[in-house]
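K.L.:
I am attaching a structure below and will ask some questions about it afterwards.
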Amino acid sequence: MIDASLSLERSTVGGMNQGTFSVAELCAVIRTVIEQTMPDDVWVEGEISGIHRARNGHVYFDLVEPGEGPGAAPVATMPVVLFRESRDRVNRLLKRHGDPIRMSDGVSVRIQGRVDYYPPSARVQLRMSSIDPTHTLGKLAAGKDALLAELSAEGVLGANAAQFLAPVPLRVGLVTSIGSAAHADISTVFERAGMAFTVVEVDTPVQGPGAEVPVAAAIRAAAQVDVDVLLVARGGGSKTDLAVFDHEIVARAITSAGVPVVTGIGHEIDRSVADEVAHTAAATPTAAAQFVVGRVQRWLARLGDHEMSLVAAGRRAVQRADQRVETLRGGVAVLTANALDRSDRLLAARCSRLTRTARSSQRRAVGQIGQAVARLEVAQRHGLSTAVRRVDAVAAQVRALDPALALARGWSITRDSDGRVVRSTAGLEAGDAITTQLADGDLTSTITSATLHTNPKRTLGSNEAQKQDATSEGVT
């Protein structure tokens, strides 16, 4: 190895270069200076960036000191190499601590290593040999506590817990990585429930640098759909894998959601900021789905209990009604029998009075009928005598007016050829045939002339005038 101090003295005399280094010599000097200046391992704090796991088992990344503010350029960057044998030691160390950390971009770490100069690429790098898990966990816990304190001060920590959760949440929104184990577990729970669940799935990455942005966007998108409850789920992982759900943008997406959010993130022992601000925090994705299914099952059980209570109450009401009916029926029977007895006695009394009244009325009617018959007999005899007298008078008049008597006394009746009685000379002409009826026969004559008497000495009946007219003119 080249002595760095001697080499520097040999190469510089009076400020003028007296010799020339080869590239390898210069790199060796630099490496020697670094080794002599920093012979021991050092602890360095920073964030992992650009991590790459090579096929040969080595891990390469940059340890950066972030700048102030979002998107600011790093203040400083140190390349880090974790060789395969050192990587195995680091992994064993993490496992002894419960494997809480997964080295990935954006994770703040405190690592141990030796500063090294790598001549082939003229790169100063840190050869990592160990890691401090408590540093990363402390950073995560401190960030989580600060965020929870901020949300509590704003009064939004319990905003989603105040959302009304429907008793039968059958429309479920699901924010997770579709195809993951968490997605498969939740789907299995809903399928085996045998209920009419409708699951609206929103696919999103759930870990990695910047994953908090699509997770928050997926929560907001799912909350805009007509769902009863929203599940945010991710399977198990390290603390750093779950750090996405400790991010402020995810927490605020949950607090501002208009539907209840049920989280199922990580394992039973994990508790994220998303769990703290959600309506309900389940231990695992499966438990989150079971919480929703159990709520519906409990509602159905209560419905069954209400049904049984209603059936029992109905039966008791029917029994009470039957007893009341029996009581009323007995009372109605007694009242009916008493009423019938009173009705029979009243009917018998009224029948007796009606019989007496009928007999009295019958006697009065018989007497009235006898009087009416006597009056009718008297009236009949009187009317008959009157009618006989009237008939006799009419018969006398008829006999007096009988044409035969008139004919017997010398009167006659003259008729024209049509058989009409001739009452006037008007309408008769010479040559007309007439027939004269006498008491003992008829005479047929022919009119030779007819004279109208305008001023006769007396008024004669039609038959007398006809007879005088007919005979006075020499009727033959």
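The way I read the labels, and the way they are meant: chains A, B, ... in the order of the structure tokens, residue 1 as the first residue of every chain, and ligand 1 as the first ligand shown, with later ones counted on from there.
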Please identify which residues in region 85-315 of chain A DSSP calls strand (DSSP E) from the backbone, and express them as a PDB file with N, CA and C atoms, in the first residue's frame.
P.N.:
ATOM      1  N   SER A 108     -37.050   6.268   6.079  1.00  0.00           N
ATOM      2  CA  SER A 108     -35.967   6.895   6.841  1.00  0.00           C
ATOM      3  C   SER A 108     -35.260   5.830   7.681  1.00  0.00           C
ATOM      4  N   VAL A 109     -33.925   5.735   7.539  1.00  0.00           N
ATOM      5  CA  VAL A 109     -33.175   4.688   8.233  1.00  0.00           C
ATOM      6  C   VAL A 109     -31.933   5.291   8.890  1.00  0.00           C
ATOM      7  N   ARG A 110     -31.444   4.557   9.849  1.00  0.00           N
ATOM      8  CA  ARG A 110     -30.138   4.832  10.481  1.00  0.00           C
ATOM      9  C   ARG A 110     -29.324   3.559  10.311  1.00  0.00           C
ATOM     10  N   ILE A 111     -28.295   3.667   9.467  1.00  0.00           N
ATOM     11  CA  ILE A 111     -27.530   2.464   9.112  1.00  0.00           C
ATOM     12  C   ILE A 111     -26.068   2.642   9.530  1.00  0.00           C
ATOM     13  N   GLN A 112     -25.427   1.491   9.704  1.00  0.00           N
ATOM     14  CA  GLN A 112     -23.995   1.477  10.052  1.00  0.00           C
ATOM     15  C   GLN A 112     -23.207   0.949   8.872  1.00  0.00           C
ATOM     16  N   GLY A 113     -22.039   1.549   8.664  1.00  0.00           N
ATOM     17  CA  GLY A 113     -21.193   1.101   7.567  1.00  0.00           C
ATOM     18  C   GLY A 113     -19.846   1.786   7.589  1.00  0.00           C
ATOM     19  N   ARG A 114     -19.025   1.372   6.656  1.00  0.00           N
ATOM     20  CA  ARG A 114     -17.673   1.950   6.552  1.00  0.00           C
ATOM     21  C   ARG A 114     -17.590   2.706   5.239  1.00  0.00           C
ATOM     22  N   VAL A 115     -17.016   3.932   5.364  1.00  0.00           N
ATOM     23  CA  VAL A 115     -16.843   4.760   4.170  1.00  0.00           C
ATOM     24  C   VAL A 115     -15.757   4.122   3.314  1.00  0.00           C
ATOM     25  N   ASP A 116     -16.021   3.976   2.042  1.00  0.00           N
ATOM     26  CA  ASP A 116     -15.113   3.283   1.142  1.00  0.00           C
ATOM     27  C   ASP A 116     -15.024   4.057  -0.167  1.00  0.00           C
ATOM     28  N   TYR A 117     -13.859   3.939  -0.769  1.00  0.00           N
ATOM     29  CA  TYR A 117     -13.676   4.535  -2.100  1.00  0.00           C
ATOM     30  C   TYR A 117     -13.542   3.409  -3.087  1.00  0.00           C
ATOM     31  N   TYR A 118     -14.344   3.428  -4.129  1.00  0.00           N
ATOM     32  CA  TYR A 118     -14.356   2.347  -5.120  1.00  0.00           C
ATOM     33  C   TYR A 118     -13.698   2.889  -6.387  1.00  0.00           C
ATOM     34  N   ARG A 123     -15.933   6.286  -6.972  1.00  0.00           N
ATOM     35  CA  ARG A 123     -17.110   6.622  -6.168  1.00  0.00           C
ATOM     36  C   ARG A 123     -16.846   6.368  -4.704  1.00  0.00           C
ATOM     37  N   VAL A 124     -17.133   7.393  -3.923  1.00  0.00           N
ATOM     38  CA  VAL A 124     -17.102   7.223  -2.485  1.00  0.00           C
ATOM     39  C   VAL A 124     -18.445   6.629  -2.079  1.00  0.00           C
ATOM     40  N   GLN A 125     -18.423   5.553  -1.354  1.00  0.00           N
ATOM     41  CA  GLN A 125     -19.658   4.879  -0.974  1.00  0.00           C
ATOM     42  C   GLN A 125     -19.577   4.365   0.444  1.00  0.00           C
ATOM     43  N   LEU A 126     -20.735   3.995   0.953  1.00  0.00           N
ATOM     44  CA  LEU A 126     -20.822   3.456   2.302  1.00  0.00           C
ATOM     45  C   LEU A 126     -21.146   1.977   2.198  1.00  0.00           C
ATOM     46  N   ARG A 127     -20.238   1.145   2.737  1.00  0.00           N
ATOM     47  CA  ARG A 127     -20.484  -0.292   2.758  1.00  0.00           C
ATOM     48  C   ARG A 127     -21.276  -0.596   4.023  1.00  0.00           C
ATOM     49  N   MET A 128     -22.589  -0.828   3.840  1.00  0.00           N
ATOM     50  CA  MET A 128     -23.502  -1.029   4.967  1.00  0.00           C
ATOM     51  C   MET A 128     -23.262  -2.381   5.616  1.00  0.00           C
ATOM     52  N   SER A 129     -23.350  -2.358   6.971  1.00  0.00           N
ATOM     53  CA  SER A 129     -23.147  -3.600   7.708  1.00  0.00           C
ATOM     54  C   SER A 129     -24.254  -3.854   8.739  1.00  0.00           C
ATOM     55  N   SER A 130     -25.024  -2.809   9.127  1.00  0.00           N
ATOM     56  CA  SER A 130     -26.060  -3.005  10.130  1.00  0.00           C
ATOM     57  C   SER A 130     -27.109  -1.888   9.987  1.00  0.00           C
ATOM     58  N   ILE A 131     -28.174  -2.023  10.765  1.00  0.00           N
ATOM     59  CA  ILE A 131     -29.271  -1.057  10.723  1.00  0.00           C
ATOM     60  C   ILE A 131     -29.867  -0.925  12.125  1.00  0.00           C
ATOM     61  N   ARG A 171     -74.516  -2.701   0.043  1.00  0.00           N
ATOM     62  CA  ARG A 171     -73.694  -2.121  -1.021  1.00  0.00           C
ATOM     63  C   ARG A 171     -72.365  -1.688  -0.388  1.00  0.00           C
ATOM     64  N   VAL A 172     -71.291  -2.371  -0.795  1.00  0.00           N
ATOM     65  CA  VAL A 172     -69.993  -2.206  -0.153  1.00  0.00           C
ATOM     66  C   VAL A 172     -68.988  -1.694  -1.179  1.00  0.00           C
ATOM     67  N   GLY A 173     -68.282  -0.606  -0.824  1.00  0.00           N
ATOM     68  CA  GLY A 173     -67.144  -0.158  -1.619  1.00  0.00           C
ATOM     69  C   GLY A 173     -65.867  -0.775  -1.071  1.00  0.00           C
ATOM     70  N   LEU A 174     -64.954  -1.183  -1.961  1.00  0.00           N
ATOM     71  CA  LEU A 174     -63.721  -1.848  -1.530  1.00  0.00           C
ATOM     72  C   LEU A 174     -62.533  -1.174  -2.203  1.00  0.00           C
ATOM     73  N   VAL A 175     -61.648  -0.597  -1.392  1.00  0.00           N
ATOM     74  CA  VAL A 175     -60.409   0.018  -1.870  1.00  0.00           C
ATOM     75  C   VAL A 175     -59.260  -0.885  -1.449  1.00  0.00           C
ATOM     76  N   THR A 176     -58.622  -1.522  -2.428  1.00  0.00           N
ATOM     77  CA  THR A 176     -57.509  -2.423  -2.148  1.00  0.00           C
ATOM     78  C   THR A 176     -56.787  -2.717  -3.450  1.00  0.00           C
ATOM     79  N   THR A 198     -73.458  -6.311  -2.880  1.00  0.00           N
ATOM     80  CA  THR A 198     -72.921  -5.718  -4.108  1.00  0.00           C
ATOM     81  C   THR A 198     -71.624  -5.015  -3.728  1.00  0.00           C
ATOM     82  N   VAL A 199     -70.496  -5.496  -4.303  1.00  0.00           N
ATOM     83  CA  VAL A 199     -69.183  -4.955  -3.948  1.00  0.00           C
ATOM     84  C   VAL A 199     -68.657  -4.136  -5.124  1.00  0.00           C
ATOM     85  N   VAL A 200     -68.427  -2.846  -4.873  1.00  0.00           N
ATOM     86  CA  VAL A 200     -67.850  -1.945  -5.876  1.00  0.00           C
ATOM     87  C   VAL A 200     -66.355  -1.836  -5.579  1.00  0.00           C
ATOM     88  N   GLU A 201     -65.525  -2.410  -6.455  1.00  0.00           N
ATOM     89  CA  GLU A 201     -64.087  -2.498  -6.199  1.00  0.00           C
ATOM     90  C   GLU A 201     -63.343  -1.358  -6.889  1.00  0.00           C
ATOM     91  N   VAL A 202     -62.403  -0.754  -6.165  1.00  0.00           N
ATOM     92  CA  VAL A 202     -61.522   0.285  -6.711  1.00  0.00           C
ATOM     93  C   VAL A 202     -60.086  -0.187  -6.501  1.00  0.00           C
ATOM     94  N   ASP A 203     -59.390  -0.437  -7.604  1.00  0.00           N
ATOM     95  CA  ASP A 203     -58.032  -0.989  -7.541  1.00  0.00           C
ATOM     96  C   ASP A 203     -57.037   0.140  -7.294  1.00  0.00           C
ATOM     97  N   VAL A 229     -71.208   1.356   2.914  1.00  0.00           N
ATOM     98  CA  VAL A 229     -70.006   1.318   3.738  1.00  0.00           C
ATOM     99  C   VAL A 229     -68.824   1.159   2.796  1.00  0.00           C
ATOM    100  N   LEU A 230     -67.650   1.665   3.242  1.00  0.00           N
ATOM    101  CA  LEU A 230     -66.442   1.617   2.413  1.00  0.00           C
ATOM    102  C   LEU A 230     -65.354   0.870   3.177  1.00  0.00           C
ATOM    103  N   LEU A 231     -64.816  -0.193   2.551  1.00  0.00           N
ATOM    104  CA  LEU A 231     -63.732  -0.973   3.141  1.00  0.00           C
ATOM    105  C   LEU A 231     -62.412  -0.535   2.523  1.00  0.00           C
ATOM    106  N   VAL A 232     -61.420  -0.217   3.388  1.00  0.00           N
ATOM    107  CA  VAL A 232     -60.049   0.067   2.961  1.00  0.00           C
ATOM    108  C   VAL A 232     -59.183  -1.042   3.540  1.00  0.00           C
ATOM    109  N   ALA A 233     -58.572  -1.840   2.646  1.00  0.00           N
ATOM    110  CA  ALA A 233     -57.917  -3.069   3.124  1.00  0.00           C
ATOM    111  C   ALA A 233     -56.541  -3.232   2.501  1.00  0.00           C
ATOM    112  N   ARG A 234     -55.672  -3.806   3.318  1.00  0.00           N
ATOM    113  CA  ARG A 234     -54.336  -4.195   2.851  1.00  0.00           C
ATOM    114  C   ARG A 234     -53.857  -5.324   3.737  1.00  0.00           C
ATOM    115  N   VAL A 261     -66.265   4.383   6.940  1.00  0.00           N
ATOM    116  CA  VAL A 261     -65.100   3.655   6.431  1.00  0.00           C
ATOM    117  C   VAL A 261     -64.692   2.614   7.472  1.00  0.00           C
ATOM    118  N   VAL A 262     -64.560   1.370   6.997  1.00  0.00           N
ATOM    119  CA  VAL A 262     -64.071   0.272   7.843  1.00  0.00           C
ATOM    120  C   VAL A 262     -62.703  -0.128   7.307  1.00  0.00           C
ATOM    121  N   THR A 263     -61.683  -0.088   8.152  1.00  0.00           N
ATOM    122  CA  THR A 263     -60.329  -0.425   7.727  1.00  0.00           C
ATOM    123  C   THR A 263     -59.989  -1.849   8.156  1.00  0.00           C
ATOM    124  N   GLY A 264     -59.219  -2.499   7.316  1.00  0.00           N
ATOM    125  CA  GLY A 264     -58.657  -3.810   7.634  1.00  0.00           C
ATOM    126  C   GLY A 264     -57.243  -3.821   7.097  1.00  0.00           C
ATOM    127  N   ILE A 265     -56.293  -3.298   7.882  1.00  0.00           N
ATOM    128  CA  ILE A 265     -54.932  -3.040   7.410  1.00  0.00           C
ATOM    129  C   ILE A 265     -53.949  -3.827   8.272  1.00  0.00           C
ATOM    130  N   THR A 280     -64.731   2.340  11.837  1.00  0.00           N
ATOM    131  CA  THR A 280     -64.447   1.093  12.550  1.00  0.00           C
ATOM    132  C   THR A 280     -63.138   0.541  12.037  1.00  0.00           C
ATOM    133  N   ALA A 281     -62.257   0.114  12.938  1.00  0.00           N
ATOM    134  CA  ALA A 281     -60.976  -0.474  12.560  1.00  0.00           C
ATOM    135  C   ALA A 281     -61.007  -1.957  12.882  1.00  0.00           C
ATOM    136  N   ALA A 282     -60.896  -2.779  11.840  1.00  0.00           N
ATOM    137  CA  ALA A 282     -60.839  -4.224  12.025  1.00  0.00           C
ATOM    138  C   ALA A 282     -59.377  -4.662  12.045  1.00  0.00           C
TER     139      ALA A 282
END
K.L.:
Please identify all polymer residues within 12 Å of Arg87 (chain A), counting only C-alpha atoms, omitting same-chain residues fewer than 2 positions from it, and present them as an NGL selection string.
P.N.:
:A and (53-54 or 56-60 or 81-85 or 89-94 or 103 or 113 or 127-131)
K.L.:
Do you know which residues are at most 7 Å from Ala223 (chain A) counting only C-alpha atoms, after dropping those on the same chain fewer than 6 positions away, and could you put them as an NGL selection string?
P.N.:
:A and (257-259)
K.L.:
Which of these, A:Leu26, A:Ile434, A:Val296, A:Val398, has the shortest distance to Ala166 (chain A) once you count only C-alpha atoms?
P.N.:
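Once distances to Ala166 (chain A) are computed over only C-alpha atoms, the minimum belongs to A:Val296.
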K.L.:
Using the chain letters and numbers from this document, which residues of region 129-300 of chain A does DSSP assign to helix (DSSP H, G or I), as an MDAnalysis selection string?
P.N.:
chainID A and resid 133:154 160:162 181:193 212:223 241:246 248:255 273:277 285:300
